[in-house]
file query-v8.tsv (TSV, C-alpha atoms)
chain	number	residue	atom	x	y	z
A	1	MET	CA	-3.90	-22.97	11.26
A	2	SER	CA	-1.30	-20.41	10.25
A	3	ASP	CA	0.83	-18.98	13.05
A	4	THR	CA	0.65	-15.55	11.44
A	5	ILE	CA	-2.11	-13.23	12.62
A	6	PRO	CA	-3.50	-11.01	9.84
A	7	ILE	CA	-4.13	-7.33	10.49
A	8	GLU	CA	-6.12	-5.61	7.74
A	9	ILE	CA	-6.21	-1.82	7.84
A	10	TYR	CA	-8.92	0.02	5.94
A	11	SER	CA	-7.68	3.54	5.32
A	12	ASP	CA	-7.28	6.40	2.90
A	13	VAL	CA	-4.01	8.15	2.12
A	14	VAL	CA	-5.60	11.57	2.79
A	15	CYS	CA	-6.86	10.54	6.24
A	16	PRO	CA	-4.61	12.14	8.88
A	17	TRP	CA	-5.90	9.89	11.65
A	18	CYS	CA	-4.90	6.90	9.50
A	19	TYR	CA	-1.30	8.14	9.59
A	20	VAL	CA	-1.50	8.56	13.37
A	21	GLY	CA	-3.10	5.12	13.68
A	22	LYS	CA	-0.30	3.57	11.66
A	23	ARG	CA	2.28	4.91	14.09
A	24	ARG	CA	0.35	3.73	17.14
A	25	LEU	CA	-0.14	0.24	15.72
A	26	GLU	CA	3.58	0.07	14.91
A	27	ARG	CA	4.41	0.92	18.51
A	28	ALA	CA	2.03	-1.77	19.75
A	29	LEU	CA	3.49	-4.38	17.41
A	30	GLU	CA	6.99	-3.52	18.55
A	31	ARG	CA	5.97	-4.27	22.12
A	32	LEU	CA	4.46	-7.60	21.07
A	33	GLN	CA	7.19	-8.77	18.72
A	34	ASP	CA	7.99	-11.74	20.95
A	35	ARG	CA	4.33	-12.74	21.32
A	36	GLY	CA	3.54	-13.71	17.75
A	37	ARG	CA	3.86	-12.97	14.07
A	38	PHE	CA	1.62	-10.40	12.43
A	39	ASP	CA	0.91	-9.72	8.76
A	40	VAL	CA	-0.24	-6.16	8.13
A	41	SER	CA	-2.10	-5.41	4.91
A	42	TRP	CA	-3.73	-2.19	3.73
A	43	ARG	CA	-7.24	-2.13	2.28
A	44	PRO	CA	-8.90	0.69	0.31
A	45	PHE	CA	-11.45	3.14	1.64
A	46	GLU	CA	-12.12	6.31	-0.34
A	47	LEU	CA	-13.17	9.18	1.89
A	48	ASN	CA	-14.17	11.21	-1.16
A	49	PRO	CA	-15.04	8.78	-3.99
A	50	THR	CA	-17.05	11.40	-5.90
A	51	LEU	CA	-14.22	13.93	-6.17
A	52	PRO	CA	-13.18	14.81	-9.73
A	53	LYS	CA	-10.27	12.79	-11.07
A	54	ASP	CA	-8.07	15.90	-10.78
A	55	GLY	CA	-9.18	16.56	-7.21
A	56	MET	CA	-10.39	19.78	-5.59
A	57	ALA	CA	-8.71	22.87	-4.18
A	58	ARG	CA	-7.92	22.19	-0.54
A	59	LEU	CA	-9.56	25.27	0.97
A	60	GLU	CA	-12.70	24.77	-1.11
A	61	TYR	CA	-12.87	21.16	0.03
A	62	LEU	CA	-12.40	22.02	3.71
A	63	GLU	CA	-15.13	24.67	3.63
A	64	ALA	CA	-17.53	22.23	1.96
A	65	LYS	CA	-16.74	19.40	4.39
A	66	PHE	CA	-16.56	21.28	7.69
A	67	GLY	CA	-18.79	24.27	6.99
A	68	SER	CA	-15.99	26.72	7.74
A	69	LEU	CA	-12.23	26.82	8.07
A	70	ASP	CA	-12.64	27.68	11.75
A	71	SER	CA	-14.30	24.30	12.35
A	72	PHE	CA	-11.40	22.57	10.66
A	73	ARG	CA	-8.86	24.52	12.72
A	74	ILE	CA	-10.39	23.12	15.92
A	75	MET	CA	-9.96	19.56	14.64
A	76	GLU	CA	-6.51	20.45	13.32
A	77	GLU	CA	-5.31	21.36	16.82
A	78	ARG	CA	-6.26	17.90	18.11
A	79	LEU	CA	-4.52	16.29	15.16
A	80	LEU	CA	-1.34	18.26	15.64
A	81	GLU	CA	-1.20	17.29	19.31
A	82	ALA	CA	-1.69	13.59	18.50
A	83	ALA	CA	0.81	13.77	15.65
A	84	ALA	CA	3.45	15.41	17.82
A	85	GLU	CA	3.21	12.47	20.23
A	86	GLU	CA	3.92	10.12	17.33
A	87	GLY	CA	6.70	12.21	15.78
A	88	ILE	CA	4.65	13.14	12.70
A	89	PRO	CA	5.33	16.68	11.41
A	90	PHE	CA	2.01	17.43	9.72
A	91	ALA	CA	2.35	20.34	7.27
A	92	PHE	CA	-1.25	21.05	6.29
A	93	ASP	CA	-0.28	24.44	4.89
A	94	LYS	CA	1.67	22.69	2.11
A	95	ILE	CA	-1.40	20.82	0.83
A	96	ALA	CA	-2.91	22.71	-2.09
A	97	LYS	CA	-5.31	20.04	-3.30
A	98	THR	CA	-7.51	17.28	-1.91
A	99	PRO	CA	-7.06	14.50	-4.47
A	100	ASN	CA	-9.18	11.68	-5.76
A	101	THR	CA	-7.38	8.69	-4.22
A	102	PHE	CA	-8.49	5.75	-6.37
A	103	LEU	CA	-5.20	5.68	-8.29
A	104	ALA	CA	-3.30	5.70	-4.99
A	105	HIS	CA	-5.32	2.69	-3.84
A	106	ARG	CA	-4.47	0.87	-7.05
A	107	LEU	CA	-0.81	1.55	-6.30
A	108	ILE	CA	-1.17	0.23	-2.75
A	109	TRP	CA	-2.82	-2.93	-4.10
A	110	TYR	CA	0.06	-3.40	-6.54
A	111	ALA	CA	2.62	-2.77	-3.82
A	112	ARG	CA	1.13	-5.62	-1.80
A	113	LYS	CA	1.71	-8.00	-4.71
A	114	ALA	CA	5.26	-6.75	-5.09
A	115	GLY	CA	6.11	-7.00	-1.38
A	116	TYR	CA	6.41	-3.24	-0.81
A	117	GLN	CA	3.01	-2.32	0.56
A	118	ASP	CA	3.87	-0.91	3.97
A	119	GLN	CA	6.84	1.01	2.53
A	120	VAL	CA	4.64	2.54	-0.17
A	121	VAL	CA	1.87	3.46	2.27
A	122	GLU	CA	4.46	5.14	4.48
A	123	SER	CA	5.84	7.05	1.50
A	124	LEU	CA	2.35	8.21	0.47
A	125	PHE	CA	1.51	9.42	3.97
A	126	ARG	CA	4.82	11.26	4.23
A	127	GLY	CA	4.49	12.73	0.77
A	128	TYR	CA	0.97	14.05	1.27
A	129	PHE	CA	0.98	15.18	4.88
A	130	GLU	CA	4.57	16.37	5.22
A	131	GLU	CA	5.35	17.62	1.70
A	132	GLY	CA	1.96	18.43	0.17
A	133	ALA	CA	2.45	15.98	-2.74
A	134	ASP	CA	-0.51	15.49	-5.06
A	135	VAL	CA	-1.18	11.81	-4.36
A	136	GLY	CA	-3.89	11.80	-7.00
A	137	SER	CA	-1.45	12.38	-9.86
A	138	LEU	CA	0.43	9.64	-11.67
A	139	PRO	CA	3.83	11.40	-11.66
A	140	ALA	CA	3.70	12.06	-7.90
A	141	LEU	CA	2.59	8.52	-7.14
A	142	ALA	CA	5.32	7.03	-9.31
A	143	GLU	CA	7.92	9.17	-7.56
A	144	LEU	CA	6.69	8.27	-4.07
A	145	ALA	CA	6.59	4.58	-4.98
A	146	GLY	CA	10.15	4.89	-6.27
A	147	ARG	CA	11.28	6.30	-2.94
A	148	ALA	CA	9.93	3.11	-1.36
A	149	GLY	CA	11.89	0.98	-3.83
A	150	LEU	CA	9.02	0.14	-6.19
A	151	GLU	CA	8.96	0.97	-9.90
A	152	ALA	CA	5.29	1.60	-10.63
A	153	LYS	CA	4.97	4.04	-13.54
A	154	ALA	CA	4.05	1.41	-16.13
A	155	PHE	CA	1.54	-0.16	-13.76
A	156	LEU	CA	-0.09	3.19	-12.99
A	157	GLU	CA	-0.47	3.93	-16.69
A	158	GLY	CA	-2.62	0.81	-17.12
A	159	ASP	CA	-5.81	-0.38	-15.47
A	160	GLU	CA	-4.62	-3.49	-13.62
A	161	GLY	CA	-5.99	-3.77	-10.11
A	162	SER	CA	-9.04	-1.57	-10.62
A	163	ALA	CA	-11.55	-4.40	-10.29
A	164	GLU	CA	-9.69	-5.83	-7.31
A	165	VAL	CA	-9.66	-2.48	-5.50
A	166	ARG	CA	-13.39	-2.06	-6.11
A	167	ALA	CA	-13.97	-5.55	-4.74
A	168	GLU	CA	-11.95	-4.79	-1.60
A	169	GLU	CA	-13.88	-1.55	-1.11
A	170	LEU	CA	-17.13	-3.49	-1.38
A	171	ALA	CA	-15.87	-6.03	1.15
A	172	GLY	CA	-15.25	-3.20	3.60
A	173	GLN	CA	-18.74	-1.82	3.03
A	174	ARG	CA	-20.22	-5.25	3.70
A	175	LEU	CA	-18.34	-5.32	6.99
A	176	GLY	CA	-20.16	-2.10	7.88
A	177	ILE	CA	-17.05	0.09	7.80
A	178	ARG	CA	-18.12	3.72	7.48
A	179	ALA	CA	-15.07	5.54	8.83
A	180	VAL	CA	-11.34	5.03	8.88
A	181	PRO	CA	-8.89	4.00	10.09
A	182	TYR	CA	-10.45	0.61	10.79
A	183	PHE	CA	-8.30	-2.28	11.98
A	184	LEU	CA	-9.54	-5.84	11.43
A	185	LEU	CA	-7.55	-8.25	13.59
A	186	ASN	CA	-7.47	-11.95	12.68
A	187	ARG	CA	-10.42	-11.32	10.32
A	188	ALA	CA	-12.77	-11.21	13.28
A	189	TYR	CA	-11.95	-8.46	15.78
A	190	GLY	CA	-12.46	-4.84	14.72
A	191	LEU	CA	-11.05	-1.62	16.12
A	192	SER	CA	-12.27	1.71	14.77
A	193	GLY	CA	-10.17	4.85	14.94
A	194	ALA	CA	-6.58	5.72	15.82
A	195	GLN	CA	-6.75	3.97	19.18
A	196	PRO	CA	-4.19	4.57	21.94
A	197	VAL	CA	-1.23	2.19	21.90
A	198	GLU	CA	-2.45	0.41	25.04
A	199	ARG	CA	-5.76	-0.35	23.35
A	200	PHE	CA	-3.97	-1.91	20.39
A	201	VAL	CA	-1.77	-3.94	22.73
A	202	SER	CA	-4.77	-5.20	24.69
A	203	ALA	CA	-6.70	-6.16	21.55
A	204	LEU	CA	-3.73	-7.93	20.00
A	205	GLU	CA	-3.00	-9.81	23.23
A	206	HIS	CA	-6.62	-10.95	23.24
A	207	VAL	CA	-6.32	-12.23	19.67
A	208	VAL	CA	-3.03	-14.00	20.42
A	209	ALA	CA	-4.60	-15.70	23.44
A	210	GLN	CA	-7.61	-16.81	21.40
A	211	ARG	CA	-5.38	-18.25	18.69
A	212	SER	CA	-3.28	-20.06	21.27
A	213	ALA	CA	-6.36	-21.54	22.97
A	214	ALA	CA	-7.76	-22.69	19.63
A	215	ALA	CA	-4.45	-24.33	18.73
A	216	ASP	CA	-4.32	-26.13	22.09
A	217	ALA	CA	-7.89	-27.37	21.64
A	218	ALA	CA	-7.07	-28.65	18.17
A	219	ARG	CA	-4.08	-30.60	19.48
A	220	ARG	CA	-6.21	-32.29	22.16
A	221	ARG	CA	-8.70	-33.61	19.66
call {"tool": "encode", "arguments": {"input": "query-v8.tsv", "output": "structure tokens"}}
result
Amino acid sequence: MSDTIPIEIYSDVVCPWCYVGKRRLERALERLQDRGRFDVSWRPFELNPTLPKDGMARLEYLEAKFGSLDSFRIMEERLLEAAAEEGIPFAFDKIAKTPNTFLAHRLIWYARKAGYQDQVVESLFRGYFEEGADVGSLPALAELAGRAGLEAKAFLEGDEGSAEVRAEELAGQRLGIRAVPYFLLNRAYGLSGAQPVERFVSALEHVVAQRSAAADAARRR
């Protein structure tokens, strides 16, 4: 049995709660750094898989999704409060377009292979939510990957990873995941939503204890 505990995060780069959840998980892992080793990987979930390849105007999208901008503003207030606690300076007013994110998920898949996945995910979240970058466009994605230390333009111009991303999306659907962020701990224990740090800590401690008990039982056999 590997000593490393896998944490798979199903998310979308245009999901603000996914950004908040990333920060909260990071805080939890920092508190547990002497309790075990954790391997975080990011899995694809498209919130808007039917969007045109070039995306949709942000205001048009918000009105269609929430019924009115007023409804979104109510949710936005909660988001801004949660983000402030995590040091995230959301700048929703800079976002002109809601993009189709399949290309971004291909990039995240590639970044995992190259050893830059978490850095690229961080760059995409920052680019979209803090700068209003169009994370559905190849030039913007290549630039944001470059900031994370990954050269990805040639990869993005091809089709590599498309089948693998579709397969990972299907795996998430088979797990019954219908909303993100969704955190799968040790491939068995699921947490839905941007949980408070204490909830992450409690869940991770539970997984660590289970792994330790299983290892002890195996040694006694």
call {"tool": "closest_residue", "arguments": {"input": "query-v8.tsv", "among": "A:Trp17, A:Phe45, A:Tyr10, A:Phe125", "to": "A:Gln195", "atoms": "only C-alpha atoms"}}
result
A:Trp17
call {"tool": "atom_distance", "arguments": {"input": "query-v8.tsv", "atom1": "atom CA of A:Tyr182", "atom2": "atom CA of A:Glu164"}}
result
19.2 Å
call {"tool": "closest_atom_pairs", "arguments": {"input": "query-v8.tsv", "of": "stretch 76-107 of chain A", "to": "stretch 144-153 of chain A", "cutoff": "12 Å", "atoms": "all atoms listed in the file", "output": "CSV"}}
result
residue,atom,partner,partner_atom,distance
A:Leu103,CA,A:Ala152,CA,11.5
A:Ala104,CA,A:Ala145,CA,10.0
A:Arg106,CA,A:Ala152,CA,10.4
A:Leu107,CA,A:Ala152,CA,7.5
call {"tool": "closest_residue", "arguments": {"input": "query-v8.tsv", "among": "A:Pro16, A:Gly115, A:Pro49, A:Gly172", "to": "A:Leu80", "atoms": "all atoms listed in the file"}}
result
A:Pro16
call {"tool": "atom_distance", "arguments": {"input": "query-v8.tsv", "atom1": "atom CA of A:Leu32", "atom2": "atom CA of A:Pro181"}}
result
20.8 Å
call {"tool": "residues_near_point", "arguments": {"input": "query-v8.tsv", "point": "(-9.5, 20.0, -6.0)", "cutoff": "6 Å", "atoms": "only C-alpha atoms", "output": "number ranges by chain"}}
result
A: 55-57, 97-98
call {"tool": "closest_residue", "arguments": {"input": "query-v8.tsv", "among": "A:Phe66, A:Tyr116, A:Phe129, A:Phe72", "to": "A:Phe92", "atoms": "only C-alpha atoms"}}
result
A:Phe129
call {"tool": "atom_distance", "arguments": {"input": "query-v8.tsv", "atom1": "atom CA of A:Ala171", "atom2": "atom CA of A:Asp39"}}
result
18.8 Å
call {"tool": "closest_residue", "arguments": {"input": "query-v8.tsv", "among": "A:Phe183, A:Phe200, A:Arg174, A:Leu138", "to": "A:Gly158", "atoms": "only C-alpha atoms"}}
result
A:Leu138
call {"tool": "residues_around", "arguments": {"input": "query-v8.tsv", "residues": "A:Leu184", "least_positions_apart": "2", "cutoff": "6 Å", "atoms": "all atoms listed in the file", "output": "PyMOL selection string"}}
result
chain A and resi 7-8+187+189-190
call {"tool": "closest_residue", "arguments": {"input": "query-v8.tsv", "among": "A:Glu76, A:Glu81, A:Glu60, A:Asp118", "to": "A:Val40", "atoms": "only C-alpha atoms"}}
result
A:Asp118
call {"tool": "residues_near_point", "arguments": {"input": "query-v8.tsv", "point": "(0.3, 0.8, 22.2)", "cutoff": "12 Å", "atoms": "only C-alpha atoms", "output": "PyMOL selection string"}}
result
chain A and resi 20-32+86+194-205
call {"tool": "closest_residue", "arguments": {"input": "query-v8.tsv", "among": "A:Leu47, A:Met75, A:Leu156, A:Ala188", "to": "A:Tyr110", "atoms": "only C-alpha atoms"}}
result
A:Leu156
